[in-house]
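What follows is the content of target01.tsv (TSV, C-alpha atoms).
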chain	number	residue	atom	x	y	z
A	1	MET	CA	-58.28	78.94	4.16
A	2	LYS	CA	-56.21	75.95	3.04
A	3	GLN	CA	-57.93	75.90	-0.35
A	4	ILE	CA	-57.14	79.58	-0.86
A	5	LEU	CA	-53.46	79.01	0.10
A	6	ILE	CA	-53.12	76.02	-2.24
A	7	ALA	CA	-54.73	77.94	-5.09
A	8	GLY	CA	-52.33	80.82	-4.48
A	9	LEU	CA	-49.29	78.53	-4.59
A	10	ILE	CA	-50.47	76.91	-7.82
A	11	THR	CA	-50.99	80.33	-9.39
A	12	LEU	CA	-47.53	81.49	-8.26
A	13	THR	CA	-45.90	78.32	-9.64
A	14	LEU	CA	-47.58	78.72	-13.01
A	15	SER	CA	-46.53	82.37	-13.15
A	16	VAL	CA	-42.87	81.48	-12.44
A	17	ASP	CA	-42.88	78.71	-15.06
A	18	ASN	CA	-44.32	81.06	-17.65
A	19	ALA	CA	-41.74	83.73	-16.82
A	20	LEU	CA	-38.87	81.22	-17.14
A	21	ALA	CA	-40.24	79.88	-20.43
A	22	GLN	CA	-40.39	83.40	-21.84
A	23	SER	CA	-36.91	84.34	-20.55
A	24	ARG	CA	-35.29	81.25	-22.12
A	25	ASP	CA	-36.04	82.67	-25.54
A	26	ASP	CA	-33.77	85.61	-24.70
A	27	TRP	CA	-30.91	83.57	-23.24
A	28	PRO	CA	-27.67	83.69	-25.26
A	29	SER	CA	-26.44	80.52	-26.94
A	30	PRO	CA	-23.75	78.47	-25.14
A	31	ILE	CA	-20.15	79.60	-25.59
A	32	PRO	CA	-18.82	77.87	-28.73
A	33	ASN	CA	-15.56	75.97	-28.79
A	34	GLU	CA	-12.72	78.39	-29.49
A	35	TYR	CA	-9.40	77.53	-31.11
A	36	PHE	CA	-6.21	79.43	-30.45
A	37	GLY	CA	-2.46	78.85	-30.56
A	38	GLN	CA	1.00	79.91	-29.46
A	39	VAL	CA	4.58	79.77	-30.71
A	40	LEU	CA	7.17	79.69	-27.91
A	41	PHE	CA	10.95	79.81	-28.27
A	42	ASP	CA	11.88	78.73	-24.76
A	43	ARG	CA	15.57	78.84	-25.71
A	44	LEU	CA	16.98	80.91	-28.54
A	45	GLU	CA	20.58	81.34	-27.51
A	46	TYR	CA	24.27	81.60	-28.29
A	47	ASN	CA	26.63	79.34	-26.30
A	48	ARG	CA	30.36	79.77	-25.63
A	49	THR	CA	31.89	76.50	-24.41
A	50	ASP	CA	35.00	75.83	-22.33
A	51	GLU	CA	36.67	74.56	-25.53
A	52	GLN	CA	36.17	77.98	-27.18
A	53	GLN	CA	33.36	76.79	-29.45
A	54	ASN	CA	30.46	79.03	-30.41
A	55	ILE	CA	27.12	77.22	-30.70
A	56	GLY	CA	23.73	78.52	-31.77
A	57	VAL	CA	20.82	76.73	-30.09
A	58	TRP	CA	17.06	76.77	-30.53
A	59	ASP	CA	14.31	75.01	-28.58
A	60	MET	CA	10.75	75.83	-29.63
A	61	GLN	CA	7.21	74.54	-29.30
A	62	ALA	CA	4.08	75.58	-31.19
A	63	TRP	CA	0.50	74.43	-30.73
A	64	TYR	CA	-2.99	75.10	-32.02
A	65	GLY	CA	-6.34	73.85	-30.78
A	66	GLY	CA	-8.84	74.05	-27.95
A	67	ASP	CA	-8.80	73.28	-24.25
A	68	TYR	CA	-8.60	69.50	-24.67
A	69	HIS	CA	-7.42	68.69	-28.20
A	70	ARG	CA	-4.31	70.27	-29.72
A	71	LEU	CA	-1.89	69.85	-32.58
A	72	VAL	CA	1.67	70.33	-31.32
A	73	PHE	CA	4.97	70.88	-33.13
A	74	LYS	CA	8.33	70.75	-31.34
A	75	SER	CA	11.78	71.50	-32.71
A	76	GLU	CA	15.20	71.59	-31.09
A	77	GLY	CA	18.73	71.71	-32.43
A	78	GLU	CA	22.12	73.39	-32.54
A	79	ASN	CA	24.84	74.49	-34.91
A	80	THR	CA	28.53	74.78	-34.02
A	81	GLN	CA	29.96	77.77	-35.79
A	82	ASN	CA	32.89	77.40	-38.25
A	83	ASP	CA	33.41	73.66	-37.71
A	84	GLY	CA	32.46	72.61	-41.23
A	85	MET	CA	29.67	70.36	-39.93
A	86	PRO	CA	25.94	70.65	-40.72
A	87	THR	CA	23.31	71.73	-38.21
A	88	ASP	CA	22.36	69.03	-35.71
A	89	LEU	CA	18.59	68.60	-35.50
A	90	GLU	CA	17.94	67.09	-32.09
A	91	ARG	CA	14.24	66.70	-32.78
A	92	ALA	CA	11.38	67.78	-35.01
A	93	GLU	CA	8.08	66.30	-33.82
A	94	LEU	CA	4.46	66.56	-34.90
A	95	LEU	CA	2.10	65.45	-32.13
A	96	TYR	CA	-1.52	65.21	-31.08
A	97	GLY	CA	-2.07	66.38	-27.51
A	98	TYR	CA	-5.00	65.66	-25.18
A	99	LEU	CA	-5.53	67.32	-21.78
A	100	VAL	CA	-5.99	64.58	-19.18
A	101	SER	CA	-6.06	66.82	-16.08
A	102	SER	CA	-5.86	70.48	-15.15
A	103	PHE	CA	-2.07	70.54	-15.51
A	104	TRP	CA	-1.08	67.52	-17.63
A	105	SER	CA	-1.48	66.42	-21.22
A	106	ILE	CA	-0.51	63.29	-23.10
A	107	GLN	CA	0.99	63.66	-26.56
A	108	PHE	CA	1.88	61.17	-29.25
A	109	GLY	CA	3.06	61.43	-32.82
A	110	VAL	CA	6.13	61.10	-35.03
A	111	GLY	CA	9.54	62.78	-35.13
A	112	THR	CA	12.93	62.83	-36.77
A	113	THR	CA	16.49	63.63	-35.69
A	114	GLY	CA	19.91	63.82	-37.30
A	115	GLU	CA	22.22	66.11	-39.26
A	116	LEU	CA	20.62	68.53	-41.71
A	117	SER	CA	22.63	67.64	-44.81
A	118	SER	CA	21.69	66.25	-48.21
A	119	ASP	CA	23.28	62.84	-47.56
A	120	ALA	CA	22.24	62.48	-43.91
A	121	ASP	CA	20.55	59.30	-42.71
A	122	MET	CA	17.81	60.75	-40.51
A	123	GLU	CA	16.46	58.70	-37.62
A	124	ASN	CA	12.67	58.56	-37.66
A	125	TYR	CA	10.72	57.55	-34.57
A	126	ALA	CA	7.36	57.42	-32.82
A	127	VAL	CA	7.16	59.52	-29.66
A	128	PHE	CA	4.93	59.39	-26.58
A	129	SER	CA	5.10	62.34	-24.19
A	130	TYR	CA	3.63	63.32	-20.82
A	131	GLN	CA	3.96	67.07	-20.30
A	132	GLY	CA	2.75	69.49	-17.66
A	133	LEU	CA	3.22	71.04	-14.22
A	134	ALA	CA	4.39	68.83	-11.37
A	135	PRO	CA	3.67	69.76	-7.72
A	136	TYR	CA	5.36	73.00	-6.65
A	137	TRP	CA	5.16	74.27	-10.27
A	138	PHE	CA	7.97	72.30	-11.85
A	139	GLU	CA	7.52	72.24	-15.63
A	140	MET	CA	8.22	68.71	-16.88
A	141	GLU	CA	8.31	66.90	-20.19
A	142	ASN	CA	8.83	63.12	-20.26
A	143	SER	CA	9.26	61.59	-23.70
A	144	LEU	CA	9.71	58.03	-24.92
A	145	ARG	CA	11.10	57.58	-28.45
A	146	ILE	CA	10.92	54.35	-30.42
A	147	ASN	CA	12.65	54.36	-33.80
A	148	GLU	CA	12.00	52.19	-36.85
A	149	ASP	CA	14.46	49.54	-35.58
A	150	GLY	CA	12.76	49.29	-32.19
A	151	ASP	CA	15.50	51.21	-30.35
A	152	MET	CA	14.11	53.12	-27.37
A	153	GLN	CA	15.24	56.31	-25.67
A	154	PHE	CA	13.77	58.21	-22.70
A	155	ILE	CA	14.28	61.97	-22.21
A	156	ASN	CA	13.25	64.06	-19.22
A	157	GLU	CA	13.37	67.88	-19.19
A	158	THR	CA	12.55	69.78	-16.01
A	159	GLU	CA	12.45	73.55	-15.46
A	160	TYR	CA	11.45	75.79	-12.58
A	161	ASP	CA	10.79	79.54	-12.72
A	162	TRP	CA	11.83	81.20	-9.47
A	163	GLN	CA	10.21	84.64	-9.64
A	164	LEU	CA	12.51	87.33	-8.26
A	165	SER	CA	10.28	90.27	-9.20
A	166	GLN	CA	7.33	91.00	-11.46
A	167	VAL	CA	9.58	90.87	-14.53
A	168	SER	CA	12.68	88.84	-13.56
A	169	TYR	CA	13.19	85.11	-13.06
A	170	LEU	CA	15.91	82.65	-12.12
A	171	GLN	CA	15.42	79.36	-13.98
A	172	PRO	CA	17.23	76.12	-13.08
A	173	ARG	CA	16.97	73.51	-15.84
A	174	LEU	CA	17.73	69.77	-15.88
A	175	GLU	CA	17.81	67.37	-18.82
A	176	VAL	CA	18.42	63.63	-18.46
A	177	VAL	CA	18.78	61.20	-21.38
A	178	ALA	CA	18.61	57.42	-20.98
A	179	ASN	CA	19.04	54.87	-23.77
A	180	LEU	CA	16.79	51.92	-22.96
A	181	THR	CA	18.41	49.79	-25.66
A	182	ASP	CA	21.68	49.70	-27.59
A	183	SER	CA	21.72	51.07	-31.13
A	184	GLU	CA	24.68	50.13	-33.31
A	185	LYS	CA	23.26	52.02	-36.30
A	186	TYR	CA	23.09	55.32	-34.40
A	187	ASP	CA	26.07	54.66	-32.09
A	188	ARG	CA	24.17	54.67	-28.80
A	189	GLN	CA	24.96	52.58	-25.73
A	190	SER	CA	22.29	51.46	-23.27
A	191	GLY	CA	21.97	53.07	-19.84
A	192	LEU	CA	22.03	56.65	-18.61
A	193	SER	CA	23.60	58.60	-21.45
A	194	ASN	CA	23.82	62.28	-20.56
A	195	ILE	CA	22.85	64.83	-17.93
A	196	ARG	CA	22.75	68.58	-18.51
A	197	ILE	CA	22.26	71.19	-15.77
A	198	GLY	CA	21.68	74.86	-16.52
A	199	LEU	CA	20.88	78.09	-14.69
A	200	ARG	CA	19.52	81.18	-16.44
A	201	TYR	CA	18.52	84.65	-15.29
A	202	ARG	CA	15.99	86.36	-17.53
A	203	HIS	CA	14.33	89.76	-17.51
A	204	GLU	CA	11.13	90.57	-19.38
A	205	ILE	CA	11.27	93.68	-21.54
A	206	VAL	CA	7.64	92.92	-22.38
A	207	ARG	CA	5.74	89.74	-21.56
A	208	GLU	CA	6.56	88.28	-24.98
A	209	VAL	CA	10.31	89.04	-25.01
A	210	ALA	CA	12.70	88.14	-22.18
A	211	PRO	CA	16.50	88.23	-22.72
A	212	TYR	CA	18.59	86.01	-20.45
A	213	VAL	CA	22.13	85.04	-19.49
A	214	GLY	CA	23.23	81.80	-17.92
A	215	VAL	CA	25.62	78.90	-17.50
A	216	TYR	CA	25.38	75.13	-18.07
A	217	TYR	CA	27.24	71.91	-17.41
A	218	SER	CA	26.85	68.74	-19.49
A	219	LYS	CA	28.24	65.31	-18.61
A	220	ALA	CA	28.21	61.97	-20.46
A	221	LEU	CA	27.47	58.97	-18.23
A	222	GLY	CA	27.89	55.20	-18.12
A	223	ASN	CA	28.57	53.32	-21.33
A	224	THR	CA	28.31	56.51	-23.36
A	225	ALA	CA	31.12	58.09	-21.37
A	226	ASP	CA	33.25	54.95	-21.73
A	227	ALA	CA	32.79	54.99	-25.51
A	228	LEU	CA	33.81	58.67	-25.70
A	229	LYS	CA	36.91	58.05	-23.58
A	230	ALA	CA	37.91	55.17	-25.85
A	231	GLU	CA	37.77	57.56	-28.80
A	232	GLY	CA	39.83	60.16	-26.94
A	233	LYS	CA	36.90	62.61	-26.68
A	234	SER	CA	35.85	64.77	-23.75
A	235	THR	CA	32.97	63.52	-21.60
A	236	SER	CA	31.95	66.89	-20.15
A	237	GLU	CA	31.28	70.44	-21.28
A	238	THR	CA	30.63	73.76	-19.56
A	239	GLY	CA	29.62	77.03	-21.10
A	240	VAL	CA	27.93	80.40	-20.81
A	241	VAL	CA	24.81	81.37	-22.73
A	242	LEU	CA	23.22	84.56	-23.99
A	243	GLY	CA	19.76	84.42	-25.48
A	244	ALA	CA	16.08	85.30	-25.31
A	245	ARG	CA	12.78	83.64	-24.52
A	246	ILE	CA	10.18	84.76	-27.07
A	247	TRP	CA	6.54	83.86	-27.61
A	248	PHE	CA	3.68	85.09	-29.73
Show this structure as structure tokens.
Amino acid sequence: MKQILIAGLITLTLSVDNALAQSRDDWPSPIPNEYFGQVLFDRLEYNRTDEQQNIGVWDMQAWYGGDYHRLVFKSEGENTQNDGMPTDLERAELLYGYLVSSFWSIQFGVGTTGELSSDADMENYAVFSYQGLAPYWFEMENSLRINEDGDMQFINETEYDWQLSQVSYLQPRLEVVANLTDSEKYDRQSGLSNIRIGLRYRHEIVREVAPYVGVYYSKALGNTADALKAEGKSTSETGVVLGARIWF
């Protein structure tokens, strides 16, 4: 009886192995690595300040790649209308990004900032960034800039989307700038330099297009504020904004 049972088990095992070997020939190949991308204008807006200035602002990010490796381009700047001054490029950065966890990526590359004019002395720098979702779904970007003279600057941007309905959001936004070193060439003083707080309400017409309205308050701090006061300039600014968040 035992011999018959053992022989039956051996026969069944061989039959299963043969069936699996035959089925493997029909299995599809593994899913190949796919590459995709996105262009996001998080802020494309028109500002009206408390000093009656009209300012056009853009803040965009584009990327292309796979789940772990990506090429990232970031650009941000503003232009004050009818002041006779060129557009101020706050940053243009080309970065390599690598996903280090489910919600965070490290990025490093090069960037430039300055006035977009033919005789402008642009500031070029290396940049290291840590970007992703903090606990409770706060979107954060932490960047360290080091220019060709060794001057260092740290910038933190934090946003939170409070969903009011399926298509409407209230978004608080905070930006903090700290100069880790003095820079005589670019007229920067060490210490906390500037803080900017904003609040925007946006409504999605479609997922890719969401107009918004909002307000903001910006304040110079520390040595930067002291330098502005010495020059007789204002150290704070408030304004209203009208714009759209667009991606494709």
- Residues within 12 Å of (34.7, 59.0, -29.7), counting all atoms listed in the file, listed as a PyMOL selection string: chain A and resi 187-188+220+223-235
Shell around region 210-217 of chain A at 12 Å using only C-alpha atoms, local window under 4 positions removed, as a short mmCIF file (atom, residue, chain, number, x, y, z; two decimals) with C-alpha atoms, in the frame of the given file:
data_model
loop_
_atom_site.label_atom_id
_atom_site.label_comp_id
_atom_site.auth_asym_id
_atom_site.auth_seq_id
_atom_site.Cartn_x
_atom_site.Cartn_y
_atom_site.Cartn_z
CA LEU A 40 7.17 79.69 -27.91
CA PHE A 41 10.95 79.81 -28.27
CA ASP A 42 11.88 78.73 -24.76
CA ARG A 43 15.57 78.84 -25.71
CA LEU A 44 16.98 80.91 -28.54
CA GLU A 45 20.58 81.34 -27.51
CA TYR A 46 24.27 81.60 -28.29
CA ASN A 47 26.63 79.34 -26.30
CA ARG A 48 30.36 79.77 -25.63
CA THR A 49 31.89 76.50 -24.41
CA ASP A 50 35.00 75.83 -22.33
CA VAL A 167 9.58 90.87 -14.53
CA SER A 168 12.68 88.84 -13.56
CA TYR A 169 13.19 85.11 -13.06
CA LEU A 170 15.91 82.65 -12.12
CA GLN A 171 15.42 79.36 -13.98
CA PRO A 172 17.23 76.12 -13.08
CA ARG A 173 16.97 73.51 -15.84
CA LEU A 174 17.73 69.77 -15.88
CA GLU A 175 17.81 67.37 -18.82
CA ASN A 194 23.82 62.28 -20.56
CA ILE A 195 22.85 64.83 -17.93
CA ARG A 196 22.75 68.58 -18.51
CA ILE A 197 22.26 71.19 -15.77
CA GLY A 198 21.68 74.86 -16.52
CA LEU A 199 20.88 78.09 -14.69
CA ARG A 200 19.52 81.18 -16.44
CA TYR A 201 18.52 84.65 -15.29
CA ARG A 202 15.99 86.36 -17.53
CA HIS A 203 14.33 89.76 -17.51
CA GLU A 204 11.13 90.57 -19.38
CA ILE A 205 11.27 93.68 -21.54
CA VAL A 206 7.64 92.92 -22.38
CA THR A 235 32.97 63.52 -21.60
CA SER A 236 31.95 66.89 -20.15
CA GLU A 237 31.28 70.44 -21.28
CA THR A 238 30.63 73.76 -19.56
CA GLY A 239 29.62 77.03 -21.10
CA VAL A 240 27.93 80.40 -20.81
CA VAL A 241 24.81 81.37 -22.73
CA LEU A 242 23.22 84.56 -23.99
CA GLY A 243 19.76 84.42 -25.48
CA ALA A 244 16.08 85.30 -25.31
CA ARG A 245 12.78 83.64 -24.52
CA ILE A 246 10.18 84.76 -27.07
CA TRP A 247 6.54 83.86 -27.61
#
- Message: Please return as a ChimeraX atom specification every residue within 9 Å of (12.8, 62.7, -21.4), taking into account all atoms listed in the file and the file's own coordinates.
- Response: /A:129,140-145,153-158,175-178
- Task: Quick one: everything within 8 Å of region 61-65 of chain A, counting all atoms listed in the file, minus sequence neighbours fewer than 4 positions away in the same chain. Send it as a PyMOL selection string.
- Result: chain A and resi 34-42+69-75
- Message: Rounded to one decimal, what separation in Å do you get between CA of Ala134 (chain A) and CA of Glu159 (chain A)?
- Response: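 One can read the CA of Ala134 (chain A) to CA of Glu159 (chain A) distance as 10.2 Å.
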